[in-house]
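*Asks:* Take a look at entry24.cif, mmCIF, C-alpha atoms:
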```cif
data_coords
loop_
_atom_site.group_PDB
_atom_site.id
_atom_site.type_symbol
_atom_site.label_atom_id
_atom_site.label_comp_id
_atom_site.auth_asym_id
_atom_site.auth_seq_id
_atom_site.Cartn_x
_atom_site.Cartn_y
_atom_site.Cartn_z
ATOM 1 C CA MET A 20 -17.757 -4.923 0.114
ATOM 2 C CA ASN A 21 -14.064 -4.514 -0.640
ATOM 3 C CA GLU A 22 -11.950 -6.637 -2.961
ATOM 4 C CA PHE A 23 -8.166 -6.439 -2.539
ATOM 5 C CA LYS A 24 -5.648 -7.814 -5.006
ATOM 6 C CA ASP A 25 -2.073 -7.502 -6.181
ATOM 7 C CA ASN A 26 -2.325 -6.566 -9.847
ATOM 8 C CA ALA A 27 1.232 -7.615 -10.745
ATOM 9 C CA GLU A 28 0.696 -6.840 -14.418
ATOM 10 C CA LYS A 29 0.035 -3.163 -13.608
ATOM 11 C CA LYS A 30 2.471 -3.199 -10.658
ATOM 12 C CA ARG A 31 -0.056 -1.992 -8.135
ATOM 13 C CA PHE A 32 -2.156 -3.147 -5.213
ATOM 14 C CA GLU A 33 -5.843 -2.516 -5.829
ATOM 15 C CA LEU A 34 -8.840 -2.174 -3.562
ATOM 16 C CA ILE A 35 -12.189 -2.194 -5.322
ATOM 17 C CA THR A 36 -14.941 -0.507 -3.312
ATOM 18 C CA ASP A 37 -18.437 0.222 -4.649
ATOM 19 C CA GLY A 38 -17.125 -0.117 -8.197
ATOM 20 C CA PHE A 39 -14.236 2.316 -7.677
ATOM 21 C CA ILE A 40 -10.572 1.279 -7.750
ATOM 22 C CA SER A 41 -8.078 2.693 -5.248
ATOM 23 C CA PHE A 42 -4.481 1.655 -5.754
ATOM 24 C CA ILE A 43 -0.861 1.829 -4.616
ATOM 25 C CA GLU A 44 1.710 1.769 -7.407
ATOM 26 C CA TYR A 45 4.943 -0.062 -6.682
ATOM 27 C CA THR A 46 8.246 -1.248 -8.044
ATOM 28 C CA LEU A 47 9.711 -4.550 -6.938
ATOM 29 C CA SER A 48 13.330 -5.658 -6.785
ATOM 30 C CA LEU A 49 14.631 -8.774 -5.047
ATOM 31 C CA ASN A 50 13.266 -8.632 -1.499
ATOM 32 C CA GLN A 51 12.341 -4.931 -1.495
ATOM 33 C CA ILE A 52 9.204 -3.173 -2.663
ATOM 34 C CA ILE A 53 8.904 0.566 -3.191
ATOM 35 C CA PHE A 54 5.496 2.206 -2.859
ATOM 36 C CA THR A 55 5.567 5.188 -5.200
ATOM 37 C CA HIS A 56 2.017 6.551 -5.305
ATOM 38 C CA THR A 57 -1.395 6.017 -3.725
ATOM 39 C CA VAL A 58 -4.640 6.990 -5.450
ATOM 40 C CA VAL A 59 -8.121 7.034 -3.927
ATOM 41 C CA PRO A 60 -11.001 8.253 -6.120
ATOM 42 C CA ASP A 61 -12.714 11.436 -4.940
ATOM 43 C CA GLU A 62 -15.923 9.479 -4.334
ATOM 44 C CA LEU A 63 -14.158 7.431 -1.616
ATOM 45 C CA LYS A 64 -12.010 10.081 0.063
ATOM 46 C CA GLY A 65 -12.539 10.574 3.779
ATOM 47 C CA LYS A 66 -13.915 7.064 4.286
ATOM 48 C CA GLY A 67 -10.711 5.353 5.453
ATOM 49 C CA ILE A 68 -10.234 3.529 2.153
ATOM 50 C CA GLY A 69 -6.649 4.737 1.707
ATOM 51 C CA SER A 70 -5.679 3.519 5.168
ATOM 52 C CA LEU A 71 -7.373 0.173 4.580
ATOM 53 C CA LEU A 72 -5.553 -0.186 1.269
ATOM 54 C CA VAL A 73 -2.166 0.508 2.884
ATOM 55 C CA LYS A 74 -2.895 -1.923 5.742
ATOM 56 C CA LEU A 75 -3.871 -4.709 3.330
ATOM 57 C CA ALA A 76 -0.818 -4.039 1.146
ATOM 58 C CA LEU A 77 1.473 -4.130 4.211
ATOM 59 C CA GLU A 78 -0.051 -7.436 5.306
ATOM 60 C CA ASN A 79 0.539 -8.802 1.808
ATOM 61 C CA ILE A 80 4.183 -7.787 1.595
ATOM 62 C CA ASN A 81 4.817 -9.002 5.144
ATOM 63 C CA GLU A 82 3.511 -12.450 4.174
ATOM 64 C CA ARG A 83 5.929 -12.373 1.227
ATOM 65 C CA ASN A 84 8.853 -11.362 3.501
ATOM 66 C CA LEU A 85 9.456 -8.160 1.569
ATOM 67 C CA LYS A 86 10.879 -4.947 2.993
ATOM 68 C CA LEU A 87 9.274 -1.614 2.164
ATOM 69 C CA LYS A 88 10.674 1.683 0.988
ATOM 70 C CA PRO A 89 7.727 4.111 1.249
ATOM 71 C CA LEU A 90 8.380 6.891 -1.272
ATOM 72 C CA CYS A 91 4.642 7.564 -1.249
ATOM 73 C CA PRO A 92 3.937 10.267 1.382
ATOM 74 C CA PHE A 93 0.572 8.713 2.282
ATOM 75 C CA THR A 94 2.165 5.346 3.050
ATOM 76 C CA ALA A 95 5.003 6.974 5.002
ATOM 77 C CA LEU A 96 2.471 8.891 7.110
ATOM 78 C CA TYR A 97 0.433 5.724 7.706
ATOM 79 C CA ILE A 98 3.508 3.935 9.076
ATOM 80 C CA LYS A 99 4.394 6.954 11.219
ATOM 81 C CA ARG A 100 0.885 6.832 12.704
ATOM 82 C CA HIS A 101 1.052 3.028 13.060
ATOM 83 C CA PRO A 102 4.577 2.353 14.374
ATOM 84 C CA GLU A 103 3.771 -1.343 14.794
ATOM 85 C CA TRP A 104 4.537 -1.534 11.049
ATOM 86 C CA SER A 105 7.991 0.042 11.320
ATOM 87 C CA PHE A 106 9.583 -3.439 11.290
ATOM 88 C CA ILE A 107 8.663 -3.772 7.616
ATOM 89 C CA LEU A 108 10.761 -0.801 6.533
ATOM 90 C CA ALA A 109 13.897 -1.407 4.503
ATOM 91 C CA VAL A 110 17.123 -0.179 6.066
ATOM 92 C CA ASN A 111 17.976 3.415 5.129
ATOM 93 C CA THR A 112 14.444 4.431 4.142
#
```
Mind turning this structure into structure tokens?

*Replies:*
Amino acid sequence: MNEFKDNAEKKRFELITDGFISFIEYTLSLNQIIFTHTVVPDELKGKGIGSLLVKLALENINERNLKLKPLCPFTALYIKRHPEWSFILAVNT
């Protein structure tokens, strides 16, 4: 079972899986969010958790009408592999 949440206090999206926390750190300004770093614990690597975390975070920011600047290489690669999300990118990313 996975639990996803926006931990605004820590400025990160979190996905709790089997007691482990994966997260995407972000900074927020006006209507733009910048993903700076993604972390998946070693115990969960190779299980698609990182991709699920990015997908859930993208759904969240889309619902909030935010635009994304993906400084995080993992997030940038996810969007490259899933071009249906390219609409969420901020201009000049």

*Asks:* Would you write out, as a list in words, every residue that the PyMOL selection byres ((chain A and resi 33) around 9) captures in this file?

*Replies:* Glu22, Phe23, Lys24, Asp25, Asn26, Arg31, Phe32, Leu34, Ile35, Ile40, Ser41, Phe42, Ile43, Glu44, Leu72 and Ala76 of chain A

*Asks:* Would you be able to write out as a list in words which residues have an atom within 10 Å of (-1.3, 7.2, -4.8) in the file's coordinates, counting only C-alpha atoms?

*Replies:* Arg31, Ser41, Phe42, Ile43, Glu44, Tyr45, Phe54, Thr55, His56, Thr57, Val58, Val59, Pro60, Gly69, Cys91, Pro92, Phe93 and Thr94 of chain A

*Asks:* Kindly indicate which residue among A:Ile52, A:Ser105, A:Gly38, A:Leu96 lies nearest to Asn79 of chain A, using only C-alpha atoms for the distances.

*Replies:*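 Between A:Ile52, A:Ser105, A:Gly38, A:Leu96, the residue approaching Asn79 of chain A most closely is A:Ile52.
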
*Asks:* For atom CA of Asn21 of chain A and atom CA of Tyr97 of chain A, quote the distance in Å rounded to one decimal.

*Replies:*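 These atoms are spaced 19.6 Å apart.
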
*Asks:* For this structure, which residues satisfy the selection - the PyMOL selection byres ((chain A and resi 107-111) around 7) - when it is evaluated on the file as given? I want them as a list in words.

*Replies:*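 Selected by the PyMOL selection byres ((chain A and resi 107-111) around 7) in this file: Asn81, Lys86, Leu87, Lys88, Trp104, Ser105, Phe106 and Thr112 of chain A.
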
*Asks:* Return as JSON the box centre and box size in Å, one decimal, for an axis-aligned box around all listed atoms of segment 35-39 of chain A padded by 3 Å per side.

*Replies:*
```
{"center_x": -15.3, "center_y": 0.1, "center_z": -5.8, "size_x": 12.2, "size_y": 10.5, "size_z": 10.9}
```

*Asks:* Please measure the separation of atom CA of Ile68 of chain A and atom CA of Ser48 of chain A, giving the value in Å to one decimal.

*Replies:*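 Between atom CA of Ile68 of chain A and atom CA of Ser48 of chain A the gap is 26.8 Å.
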
*Asks:* Go ahead and compute the interatomic distance for atom CA of Gln51 of chain A and atom CA of Leu85 of chain A, in Å to one decimal.

*Replies:* 5.3 Å

*Asks:* Restricting the calculation to all atoms listed in the file: of A:Lys99, A:Glu28, A:Phe39, A:Leu49, which residue gets closest to Arg83 of chain A?

*Replies:*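 Of all the options, A:Leu49 lies closest to Arg83 of chain A.
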
*Asks:* Which of these residues is nearest to Lys29 of chain A, using all atoms listed in the file: A:Leu47, A:Leu71, A:Ile98, A:Leu90?

*Replies:*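 Checking each of A:Leu47, A:Leu71, A:Ile98, A:Leu90 against Lys29 of chain A, counting all atoms listed in the file, the winner is A:Leu47.
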
*Asks:* Restricting the calculation to only C-alpha atoms, which member of A:Glu103, A:Ala27, A:Asp37, A:Met20 is positioned closest to Leu63 of chain A?

*Replies:*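 Once distances to Leu63 of chain A are computed over only C-alpha atoms, the minimum belongs to A:Asp37.
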
*Asks:* Please rebuild segment 38-58 of chain A with N, CA and C atoms and give the result as a PDB file, keeping the file's coordinate frame.

*Replies:*
```pdb
ATOM      1  N   GLY A  38     -17.401  -0.307  -6.783  1.00  0.00           N
ATOM      2  CA  GLY A  38     -17.125  -0.117  -8.197  1.00  0.00           C
ATOM      3  C   GLY A  38     -15.966   0.822  -8.509  1.00  0.00           C
ATOM      4  N   PHE A  39     -15.360   1.411  -7.490  1.00  0.00           N
ATOM      5  CA  PHE A  39     -14.236   2.316  -7.677  1.00  0.00           C
ATOM      6  C   PHE A  39     -12.938   1.607  -7.301  1.00  0.00           C
ATOM      7  N   ILE A  40     -11.868   1.911  -8.028  1.00  0.00           N
ATOM      8  CA  ILE A  40     -10.572   1.279  -7.750  1.00  0.00           C
ATOM      9  C   ILE A  40      -9.624   2.286  -7.123  1.00  0.00           C
ATOM     10  N   SER A  41      -9.166   1.970  -5.910  1.00  0.00           N
ATOM     11  CA  SER A  41      -8.078   2.693  -5.248  1.00  0.00           C
ATOM     12  C   SER A  41      -6.841   1.836  -5.457  1.00  0.00           C
ATOM     13  N   PHE A  42      -5.673   2.469  -5.517  1.00  0.00           N
ATOM     14  CA  PHE A  42      -4.481   1.655  -5.754  1.00  0.00           C
ATOM     15  C   PHE A  42      -3.210   2.293  -5.212  1.00  0.00           C
ATOM     16  N   ILE A  43      -2.218   1.429  -4.976  1.00  0.00           N
ATOM     17  CA  ILE A  43      -0.861   1.829  -4.616  1.00  0.00           C
ATOM     18  C   ILE A  43       0.053   1.295  -5.709  1.00  0.00           C
ATOM     19  N   GLU A  44       0.749   2.191  -6.391  1.00  0.00           N
ATOM     20  CA  GLU A  44       1.710   1.769  -7.407  1.00  0.00           C
ATOM     21  C   GLU A  44       3.011   1.380  -6.714  1.00  0.00           C
ATOM     22  N   TYR A  45       3.699   0.383  -7.291  1.00  0.00           N
ATOM     23  CA  TYR A  45       4.943  -0.062  -6.682  1.00  0.00           C
ATOM     24  C   TYR A  45       5.956  -0.512  -7.726  1.00  0.00           C
ATOM     25  N   THR A  46       7.199  -0.580  -7.280  1.00  0.00           N
ATOM     26  CA  THR A  46       8.246  -1.248  -8.044  1.00  0.00           C
ATOM     27  C   THR A  46       8.815  -2.314  -7.123  1.00  0.00           C
ATOM     28  N   LEU A  47       9.246  -3.401  -7.708  1.00  0.00           N
ATOM     29  CA  LEU A  47       9.711  -4.550  -6.938  1.00  0.00           C
ATOM     30  C   LEU A  47      11.096  -4.948  -7.410  1.00  0.00           C
ATOM     31  N   SER A  48      11.998  -5.157  -6.443  1.00  0.00           N
ATOM     32  CA  SER A  48      13.330  -5.658  -6.785  1.00  0.00           C
ATOM     33  C   SER A  48      13.826  -6.549  -5.656  1.00  0.00           C
ATOM     34  N   LEU A  49      14.171  -7.774  -6.018  1.00  0.00           N
ATOM     35  CA  LEU A  49      14.631  -8.774  -5.047  1.00  0.00           C
ATOM     36  C   LEU A  49      13.675  -8.863  -3.875  1.00  0.00           C
ATOM     37  N   ASN A  50      14.125  -8.507  -2.683  1.00  0.00           N
ATOM     38  CA  ASN A  50      13.266  -8.632  -1.499  1.00  0.00           C
ATOM     39  C   ASN A  50      12.776  -7.271  -1.009  1.00  0.00           C
ATOM     40  N   GLN A  51      12.791  -6.276  -1.877  1.00  0.00           N
ATOM     41  CA  GLN A  51      12.341  -4.931  -1.495  1.00  0.00           C
ATOM     42  C   GLN A  51      11.263  -4.439  -2.448  1.00  0.00           C
ATOM     43  N   ILE A  52      10.274  -3.771  -1.874  1.00  0.00           N
ATOM     44  CA  ILE A  52       9.204  -3.173  -2.663  1.00  0.00           C
ATOM     45  C   ILE A  52       9.168  -1.687  -2.336  1.00  0.00           C
ATOM     46  N   ILE A  53       8.968  -0.888  -3.356  1.00  0.00           N
ATOM     47  CA  ILE A  53       8.904   0.566  -3.191  1.00  0.00           C
ATOM     48  C   ILE A  53       7.500   1.019  -3.555  1.00  0.00           C
ATOM     49  N   PHE A  54       6.808   1.626  -2.584  1.00  0.00           N
ATOM     50  CA  PHE A  54       5.496   2.206  -2.859  1.00  0.00           C
ATOM     51  C   PHE A  54       5.734   3.622  -3.370  1.00  0.00           C
ATOM     52  N   THR A  55       5.282   3.902  -4.591  1.00  0.00           N
ATOM     53  CA  THR A  55       5.567   5.188  -5.200  1.00  0.00           C
ATOM     54  C   THR A  55       4.397   6.164  -5.183  1.00  0.00           C
ATOM     55  N   HIS A  56       3.163   5.655  -5.171  1.00  0.00           N
ATOM     56  CA  HIS A  56       2.017   6.551  -5.305  1.00  0.00           C
ATOM     57  C   HIS A  56       0.747   5.842  -4.859  1.00  0.00           C
ATOM     58  N   THR A  57      -0.099   6.549  -4.140  1.00  0.00           N
ATOM     59  CA  THR A  57      -1.395   6.017  -3.725  1.00  0.00           C
ATOM     60  C   THR A  57      -2.489   6.894  -4.305  1.00  0.00           C
ATOM     61  N   VAL A  58      -3.512   6.265  -4.860  1.00  0.00           N
ATOM     62  CA  VAL A  58      -4.640   6.990  -5.450  1.00  0.00           C
ATOM     63  C   VAL A  58      -5.943   6.453  -4.876  1.00  0.00           C
TER      64      VAL A  58
END
```
